[in-house]
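Undergrad: Mind having a look at this structure? Questions to follow.
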Protein chains: 6
Amino acid sequence: MGTRILYIDPICSDEDIGLFASEFNQIVDSITTVDVVSIGNKPGPLHLEYNCYEVMVMPDIVRIVKQAEAAGYDAAIIGCFYDPALRACREISSKMSIVAPAEASLHIATTLGECVSIIVGRQKWIPEIKENVHKYGFSHKLASIKPLEMGVLDFQQDHQQTMNRIRAAAREAIERDGADIIVLGCTAELGFYRQLQDELGVPVIDVSLASVKYAEFLVNIKKNMSWSHSKKVGYQSPPEHEQKAFRLFP
Amino acid sequence: MGTRILYIDPICSDEDIGLFASEFNQIVDSITTVDVVSIGNKPGPLHLEYNCYEVMVMPDIVRIVKQAEAAGYDAAIIGCFYDPALRACREISSKMSIVAPAEASLHIATTLGECVSIIVGRQKWIPEIKENVHKYGFSHKLASIKPLEMGVLDFQQDHQQTMNRIRAAAREAIERDGADIIVLGCTAELGFYRQLQDELGVPVIDVSLASVKYAEFLVNIKKNMSWSHSKKVGYQSPPEHEQKAFRLFP
Amino acid sequence: MGTRILYIDPICSDEDIGLFASEFNQIVDSITTVDVVSIGNKPGPLHLEYNCYEVMVMPDIVRIVKQAEAAGYDAAIIGCFYDPALRACREISSKMSIVAPAEASLHIATTLGECVSIIVGRQKWIPEIKENVHKYGFSHKLASIKPLEMGVLDFQQDHQQTMNRIRAAAREAIERDGADIIVLGCTAELGFYRQLQDELGVPVIDVSLASVKYAEFLVNIKKNMSWSHSKKVGYQSPPEHEQKAFRLFP
Amino acid sequence: MGTRILYIDPICSDEDIGLFASEFNQIVDSITTVDVVSIGNKPGPLHLEYNCYEVMVMPDIVRIVKQAEAAGYDAAIIGCFYDPALRACREISSKMSIVAPAEASLHIATTLGECVSIIVGRQKWIPEIKENVHKYGFSHKLASIKPLEMGVLDFQQDHQQTMNRIRAAAREAIERDGADIIVLGCTAELGFYRQLQDELGVPVIDVSLASVKYAEFLVNIKKNMSWSHSKKVGYQSPPEHEQKAFRLFP
Amino acid sequence: MGTRILYIDPICSDEDIGLFASEFNQIVDSITTVDVVSIGNKPGPLHLEYNCYEVMVMPDIVRIVKQAEAAGYDAAIIGCFYDPALRACREISSKMSIVAPAEASLHIATTLGECVSIIVGRQKWIPEIKENVHKYGFSHKLASIKPLEMGVLDFQQDHQQTMNRIRAAAREAIERDGADIIVLGCTAELGFYRQLQDELGVPVIDVSLASVKYAEFLVNIKKNMSWSHSKKVGYQSPPEHEQKAFRLFP
Amino acid sequence: MGTRILYIDPICSDEDIGLFASEFNQIVDSITTVDVVSIGNKPGPLHLEYNCYEVMVMPDIVRIVKQAEAAGYDAAIIGCFYDPALRACREISSKMSIVAPAEASLHIATTLGECVSIIVGRQKWIPEIKENVHKYGFSHKLASIKPLEMGVLDFQQDHQQTMNRIRAAAREAIERDGADIIVLGCTAELGFYRQLQDELGVPVIDVSLASVKYAEFLVNIKKNMSWSHSKKVGYQSPPEHEQKAFRLFP
């Protein structure tokens, strides 16, 4: 029985769907299908650098997750390194695995290395990312968070220039901050990890690919051992009748 | 020049507006006006016990905050102890003070005491609240978080019974957990603090009132010293032209 | 009914009383009176850079606080950024609010920003200040503590030179350490905040002014909600009869 | 191309090999082969409850890992919840993934839940396990470590009695300590998780099975993205010539 | 050359001098002389349960330390478990070792065990003691702080009753809190440790004796390796000329 | 009655025995005898820079400790700054004090100073050392860990060159990182501390000498107060009959 994963690119444009899909196809297991959707081609944010953009698309993320569960998906991925609405999505679903890039990639990175450096777009992003690093438990393994002073929409403009800037930041992370593993802290930093890790000699984690593989992993342990998100305390679902009364997730 | 505060009761009902307004009127400064609004009498959550309810009203909270700034309010309060969309609201505004109940009441409580116990509705709430307690820096001053196993909508049903249950939990917090100050960790636990603190002999913080007074305080220091939320890093506002292009906050 | 605040400049000289009073008068509420006193014009320390100077004036601080309570003051401020004898003063009083500059300014700074840099006089001060930053819960929000290698008595000698050195350190804090808010970590760094924050584009907290406003705030919530320092555990007062038997606070 | 995993039962007896193998066969992927070996039927410890037993078998563990890499295994699992010699094994190998039960199961548990309780044999084990919980970053997600006062060799003696005692401890963890997920903190607590999680309504992690699935996952991401243990800093391998000169791993 | 230690009983009574001296004589090295002094038979506190009592005797403590250095003592001990004026005493001296009971006994306890329980007089003491436990770095090794609800002056009233109460609290610490070592958290809990540790089967640290032995140790490493309190940053001494100008330590 | 200490140089060569012995003889108490042994002149590691070397000699360390106890030694020192097998050695012995260089020197350093910098050989060592610094409780007092990029076997090759490199690193630690005390983080950095501390003006801790003095101290408090490693929880010894059955420590 195949594994069906939904990757949500939480922006209002279908532009990058093909790019994500093509990258994912190169690394998924033979039994896995990944569908990529955006919030839709409608007015709304084209990136989530600001928390106030994030919250505008959160209701859509939650609705898509709820529909994905109804449609039989095994897992959903919230494709932004801020991990927006992660708790909400775990509450609203009860059969699916819910995966978010920062959580997934940091769990992987701290198993593979001990001193993690995260390469981000702007300094503006750092406080929210730091909050997540702590929440997941990895503050003491954080070597540095290094901003490139590039925006989400810049990363794919000039591949070579982006590569050069990430490489320079990563080198500094390794040499000056003592990093032994690099996390590319934005889902738009897609298509760079392989060349970089060949050059740098340390693992370079692409957070979208990390999310897809982590989703496969969670689905796998669910199928085999029935281990899934605990519904006992913090990820408890709201009562069905209340959801209906509030007319929230039609 | 007067201080105008907007208290947002982030649920889809105007039912409690009068109750909040009447409580606030008893404790505000003479120059202060507090207006209370809800998300509106429309389909939607009547409480935010679940994070997936929270995120459904976050866009409304952000829009209301943006409009409040345009309307000349000096401060806005996000009236839920989960402090939903706090970062987003600080980003979207640039002149107002943005206040949230957990942040405000914990700053007050840790100045007045050293061992804080928070009385909450359900155990379900604890993980999200604990994340906030850490985020604000007060984990090492937390004596306990004690659930009453009551929902938000239960608190105002039978005043005497609620009082009894809070009192019992607070007594246990003081005697067993070493608490020297009590925080009533839900904005719906309104109308209990004064009798309780008379009986218990420790300060009992009503988090809605704490928010209003903290809002007055932030407005006061802004007026006098021009100290306001830093716009340099994590609370930076998105560019106006981008907000327009994304048609997010009409 | 007016608010009466006593600001204690805990040194053995009345020299700066006028300077403090004049600064405070510009920012207090209309109902507030701030009286400024020193330890007195007598032999003793003219600054508290050393902890062994601090402890020499602590008994005087406690006695002044006890007398201030008898004289009907609503709040007392211990005017040194080491926050000397804070616990003792909260014990000895039972009606007043007791405010200290590091506690007050850090609570404010961490509400307004997320990455705090403290500009201090000498590296010597750093360990004691760091202890306080942790005690108040803000270690994870500390971007840096930057010494100017100037003493307390140097700050007011050449206003322009001090301004230049603070500005240079603050710039480095913002650009290199990621600070989004600056705290001037000495009560003698008076008279600089406003020009600096205009130039730097981030809030610059004057810790003496912060203390006065925080005192007004604590008095305000005491008057309105009867919230005051908890006397249950760590701020418990010694029995009156024992104080008399020990003849400590005549 | 298949995935070959070596599970090392680090005790001096082959007695449990069949039990482990049969459990693993029920849950591995179709491409996976797991071979189970012990340290050998020779004098030596039959359990590792004491750290001084652990260190006696560590050289054997490291030698087996080195040989496994030569033999073409993709991953090796160190089958004891103390995670003995984990760093050493990551150093000595350079192509394999090295997995240890506490690390693997805690990464899984903190993705699935937020309040972890670990059910262990004896109180004696707790300090060493706590050190590991911190090392991996999960202290703030630890609800409790609960000892059954049973030894490693007792768990499989009377299945029903062990089940009863684990169940009682787990119930207490959920009800009193707020746990939302249970980790069975010993590889000998094998064969209990499924019935328990059905009864308790929360995930119950069998740490041996968790290790095997985590090994498959690490091998998978290595095959697909070439992500493997960083050899840059803490997991660096000793020079080959030095290993030979020291005649350590023949 | 002998080692001369001054033990300061920081209260205004000579009453316990003999008791301390006699206990110390049983455990000091042959080359050691310990002199015991109080603050003097004068009006003032007979115990330091309150921080406001502590600060009243701090100037005397500092003066005694300064005189002790002039008189050629090798070490001075500040005989109160709150470790009052520790930084001040390290500043004011430059040749002596300065020892305080909480610091000394916690360093010893965390070398000998891993889960420390401190038996104190009253709950009132706990916040200040907890601050010190953190300052010294041992929060994660603290099993519990257990109050007996007895005052400093009660401990020596009825030896048998005090013994019984300490024993009961220590038993609970071991059985319920997982403690493997007990610290008697008040210098007045003198004369109990030996019988208790024989009965309980865990080390029981008498904090006055711990201080004396730690003082001998610090003097020993100073004599042999010239290791002494660093005067570079936080324990820097004030300039001699300034001390004179301020007429602080005649 | 004399104090007999066994210093274990945990490498397979007797080469440095004389050097250690001669250094120790200059600083021990008159009643102390220190015997120095290595693992033996046999094939095996000549340094323990890699954890996989460490674990190869751990069984020998434990056996030597067990024999040392039988031979009547009062204390044993595990002479490597990684503190290998510390828990195992405390388990296997019940009368001796067990000392390890990192634990001993960090307890001393944090009593003498507040900002510790550790000078190590290679960056490779840092993650394991950091784990220990946390385990002992001193993360918040760590100014920096500075690698010289020299191996263990290099330190004694060219005394002057090693001195120069340590001095340069230590100066940087003091001036840039704010260190007020230096720890030479390798037992092979022997013979440098005295000249360095004379030049630098801060204490420089030789970790082998620190271990010997700490061993004397632990023996002293054991003889006088019967305080020794707690055998109640984490340092519990395995049952004698089981050790025999497992034929581990002949």
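FYI, nothing fancy with the structure tokens labels: chains A, B, ... in order, residues from 1 per chain, ligands from 1 as they appear.
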Which parts of segment 35-242 of chain B does DSSP call strand (DSSP E or B) when run on the backbone here, written out as a PyMOL selection string?
TA: chain B and resi 35-38+75-78+97-99+116-120+142-147+181-184+204-206
Undergrad: Please report, as JSON lines, each residue of chain A lying at most 10 Å from chain F, together with the nearest pair of atoms and the separation in Å rounded to one decimal; use only C-alpha atoms, and order rows by chain and ascending residue number.
TA:
```
{"residue": "A:Glu114", "atom": "CA", "partner": "F:Pro127", "partner_atom": "CA", "distance": 7.2}
{"residue": "A:Cys115", "atom": "CA", "partner": "F:Pro127", "partner_atom": "CA", "distance": 8.2}
{"residue": "A:His140", "atom": "CA", "partner": "F:Lys130", "partner_atom": "CA", "distance": 9.7}
{"residue": "A:Lys141", "atom": "CA", "partner": "F:Pro127", "partner_atom": "CA", "distance": 9.4}
{"residue": "A:Gly178", "atom": "CA", "partner": "F:Gln123", "partner_atom": "CA", "distance": 7.8}
```
Undergrad: Env of Thr187 of chain C: 6 Å cut, atoms = only C-alpha atoms, seq-sep filter 6 positions within chain, self excluded. Answer as a VMD selection string.
TA: chain C and resid 80 207 to 208
Undergrad: Enumerate the residues of segment 75-141 of chain D with a DSSP assignment of helix (DSSP H, G or I), computed from the backbone, and present them as an NGL selection string.
TA: :D and (86-92 or 101-112 or 123-136 or 139-141)
Undergrad: Output C-alpha atoms of each residue in that selection to a file, as an mmCIF file, in the first residue's frame.
TA:
```cif
data_model
loop_
_atom_site.group_PDB
_atom_site.id
_atom_site.type_symbol
_atom_site.label_atom_id
_atom_site.label_comp_id
_atom_site.auth_asym_id
_atom_site.auth_seq_id
_atom_site.Cartn_x
_atom_site.Cartn_y
_atom_site.Cartn_z
ATOM 1 C CA LEU D 86 27.925 5.966 20.725
ATOM 2 C CA ARG D 87 30.572 8.599 19.995
ATOM 3 C CA ALA D 88 33.282 5.936 19.674
ATOM 4 C CA CYS D 89 31.247 3.984 17.143
ATOM 5 C CA ARG D 90 30.548 7.092 15.077
ATOM 6 C CA GLU D 91 34.273 7.846 15.076
ATOM 7 C CA ILE D 92 35.431 4.355 14.102
ATOM 8 C CA PRO D 101 18.075 3.372 21.416
ATOM 9 C CA ALA D 102 17.784 6.394 23.711
ATOM 10 C CA GLU D 103 18.749 8.843 21.004
ATOM 11 C CA ALA D 104 16.490 7.209 18.403
ATOM 12 C CA SER D 105 13.449 6.767 20.617
ATOM 13 C CA LEU D 106 13.654 10.229 22.148
ATOM 14 C CA HIS D 107 13.845 11.895 18.736
ATOM 15 C CA ILE D 108 10.738 9.948 17.746
ATOM 16 C CA ALA D 109 8.908 10.514 21.026
ATOM 17 C CA THR D 110 9.442 14.280 20.995
ATOM 18 C CA THR D 111 8.104 14.480 17.445
ATOM 19 C CA LEU D 112 4.987 12.509 18.351
ATOM 20 C CA GLN D 123 16.244 4.075 40.238
ATOM 21 C CA LYS D 124 19.962 3.336 39.895
ATOM 22 C CA TRP D 125 19.664 3.878 36.149
ATOM 23 C CA ILE D 126 18.152 7.333 36.374
ATOM 24 C CA PRO D 127 21.208 9.607 36.661
ATOM 25 C CA GLU D 128 22.915 8.147 33.589
ATOM 26 C CA ILE D 129 19.681 8.263 31.583
ATOM 27 C CA LYS D 130 19.052 11.844 32.654
ATOM 28 C CA GLU D 131 22.508 12.806 31.403
ATOM 29 C CA ASN D 132 21.563 11.396 28.011
ATOM 30 C CA VAL D 133 18.163 13.070 27.941
ATOM 31 C CA HIS D 134 19.917 16.380 28.408
ATOM 32 C CA LYS D 135 22.647 15.578 25.896
ATOM 33 C CA TYR D 136 20.028 14.944 23.236
ATOM 34 C CA SER D 139 15.095 17.731 29.370
ATOM 35 C CA HIS D 140 12.259 20.236 29.020
ATOM 36 C CA LYS D 141 10.021 17.587 27.442
#
```
Undergrad: Name the residues in contact with Gly44 of chain D at a cut-off of 7 Å, using only C-alpha atoms, excluding same-chain residues fewer than 6 positions from it; report them as a ChimeraX atom specification.
TA: /D:12 /F:246-248
Undergrad: How far is it from atom CA of Ala179 of chain D to atom CA of Ile174 of chain E, in Å with one decimal?
TA: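 These atoms are spaced 23.5 Å apart.
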Undergrad: For His47 of chain C, work out the shell of residues within 8 Å, counting only C-alpha atoms and skipping chain neighbours fewer than 3 positions away, then give it as a list in words.
TA: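 Contacts, with the query itself left out: Ile11, Tyr53, Val152 and Leu153 of chain C.
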Undergrad: Could you name the residues that touch Glu54 of chain E at 9 Å or less, counting only C-alpha atoms, but leaving out those on the same chain fewer than 4 positions away, as number ranges by chain?
TA: C: 88; E: 10, 45, 47-50, 58, 82, 84-85
Undergrad: Keeping only C-alpha atoms, write the selected residues as a compact mmCIF listing (two decimals), in the first residue's frame.
TA:
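The resulting file, part-v7.txt, is reproduced below:
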```txt
# COMPACT_ATOMS: atom_id res chain seq x y z
CA ALA C 88 15.97 43.13 51.89
CA PRO E 10 27.86 36.58 61.43
CA PRO E 45 20.55 40.08 64.65
CA HIS E 47 20.18 34.92 63.16
CA LEU E 48 20.07 35.84 59.46
CA GLU E 49 16.86 34.17 58.30
CA TYR E 50 15.84 37.44 56.64
CA MET E 58 27.44 42.69 55.80
CA TYR E 82 23.01 32.33 52.36
CA PRO E 84 26.26 36.75 52.46
CA ALA E 85 28.69 39.28 50.97
```
Undergrad: What is the atom CA of Asn220 of chain D-atom CA of Ser30 of chain A distance in Å, reported with one decimal?
TA: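 If I compute the distance from atom CA of Asn220 of chain D to atom CA of Ser30 of chain A, I get 11.9 Å.
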Undergrad: Excluding same-chain residues fewer than 2 positions from Lys232 of chain B, what lies within 7 Å of it counting only C-alpha atoms, as a list in words?
TA: Ser230, Gly234, Tyr235 and Gln236 of chain B; Asp180 and Val202 of chain C
Undergrad: Just write the chosen residues, all heavy atoms, as an mmCIF file, in the first residue's frame.
TA:
```
data_model
loop_
_atom_site.group_PDB
_atom_site.id
_atom_site.type_symbol
_atom_site.label_atom_id
_atom_site.label_comp_id
_atom_site.auth_asym_id
_atom_site.auth_seq_id
_atom_site.Cartn_x
_atom_site.Cartn_y
_atom_site.Cartn_z
ATOM 1 N N SER B 230 10.638 47.706 19.393
ATOM 2 C CA SER B 230 11.732 47.873 18.439
ATOM 3 C C SER B 230 11.314 47.354 17.069
ATOM 4 O O SER B 230 10.762 46.271 16.945
ATOM 5 C CB SER B 230 12.958 47.085 18.919
ATOM 6 O OG SER B 230 14.001 47.183 17.977
ATOM 7 N N GLY B 234 13.109 41.481 15.010
ATOM 8 C CA GLY B 234 12.000 40.531 14.970
ATOM 9 C C GLY B 234 10.614 41.138 14.807
ATOM 10 O O GLY B 234 9.668 40.445 14.427
ATOM 11 N N TYR B 235 10.449 42.412 15.150
ATOM 12 C CA TYR B 235 9.129 43.051 15.025
ATOM 13 C C TYR B 235 9.071 43.998 13.827
ATOM 14 O O TYR B 235 8.135 44.816 13.719
ATOM 15 C CB TYR B 235 8.773 43.817 16.313
ATOM 16 C CG TYR B 235 8.706 42.970 17.548
ATOM 17 C CD1 TYR B 235 9.107 43.457 18.796
ATOM 18 C CD2 TYR B 235 8.236 41.649 17.500
ATOM 19 C CE1 TYR B 235 9.041 42.674 19.942
ATOM 20 C CE2 TYR B 235 8.179 40.859 18.640
ATOM 21 C CZ TYR B 235 8.583 41.380 19.861
ATOM 22 O OH TYR B 235 8.519 40.607 20.991
ATOM 23 N N GLN B 236 10.060 43.916 12.948
ATOM 24 C CA GLN B 236 10.080 44.712 11.721
ATOM 25 C C GLN B 236 8.747 44.599 10.973
ATOM 26 O O GLN B 236 8.192 43.514 10.886
ATOM 27 C CB GLN B 236 11.160 44.121 10.822
ATOM 28 C CG GLN B 236 11.991 45.092 10.032
ATOM 29 C CD GLN B 236 13.087 44.334 9.296
ATOM 30 O OE1 GLN B 236 12.828 43.796 8.218
ATOM 31 N NE2 GLN B 236 14.250 44.237 9.890
ATOM 32 N N ASP C 180 18.371 44.557 19.279
ATOM 33 C CA ASP C 180 17.305 45.426 18.759
ATOM 34 C C ASP C 180 16.844 46.428 19.815
ATOM 35 O O ASP C 180 15.912 47.198 19.579
ATOM 36 C CB ASP C 180 16.123 44.618 18.200
ATOM 37 C CG ASP C 180 15.334 43.882 19.262
ATOM 38 O OD1 ASP C 180 15.747 43.857 20.431
ATOM 39 O OD2 ASP C 180 14.287 43.301 18.917
ATOM 40 N N VAL C 202 16.596 52.497 17.445
ATOM 41 C CA VAL C 202 16.074 51.472 18.354
ATOM 42 C C VAL C 202 15.833 52.142 19.706
ATOM 43 O O VAL C 202 16.460 53.159 20.011
ATOM 44 C CB VAL C 202 17.065 50.294 18.561
ATOM 45 C CG1 VAL C 202 17.375 49.597 17.242
ATOM 46 C CG2 VAL C 202 18.334 50.735 19.252
#
```
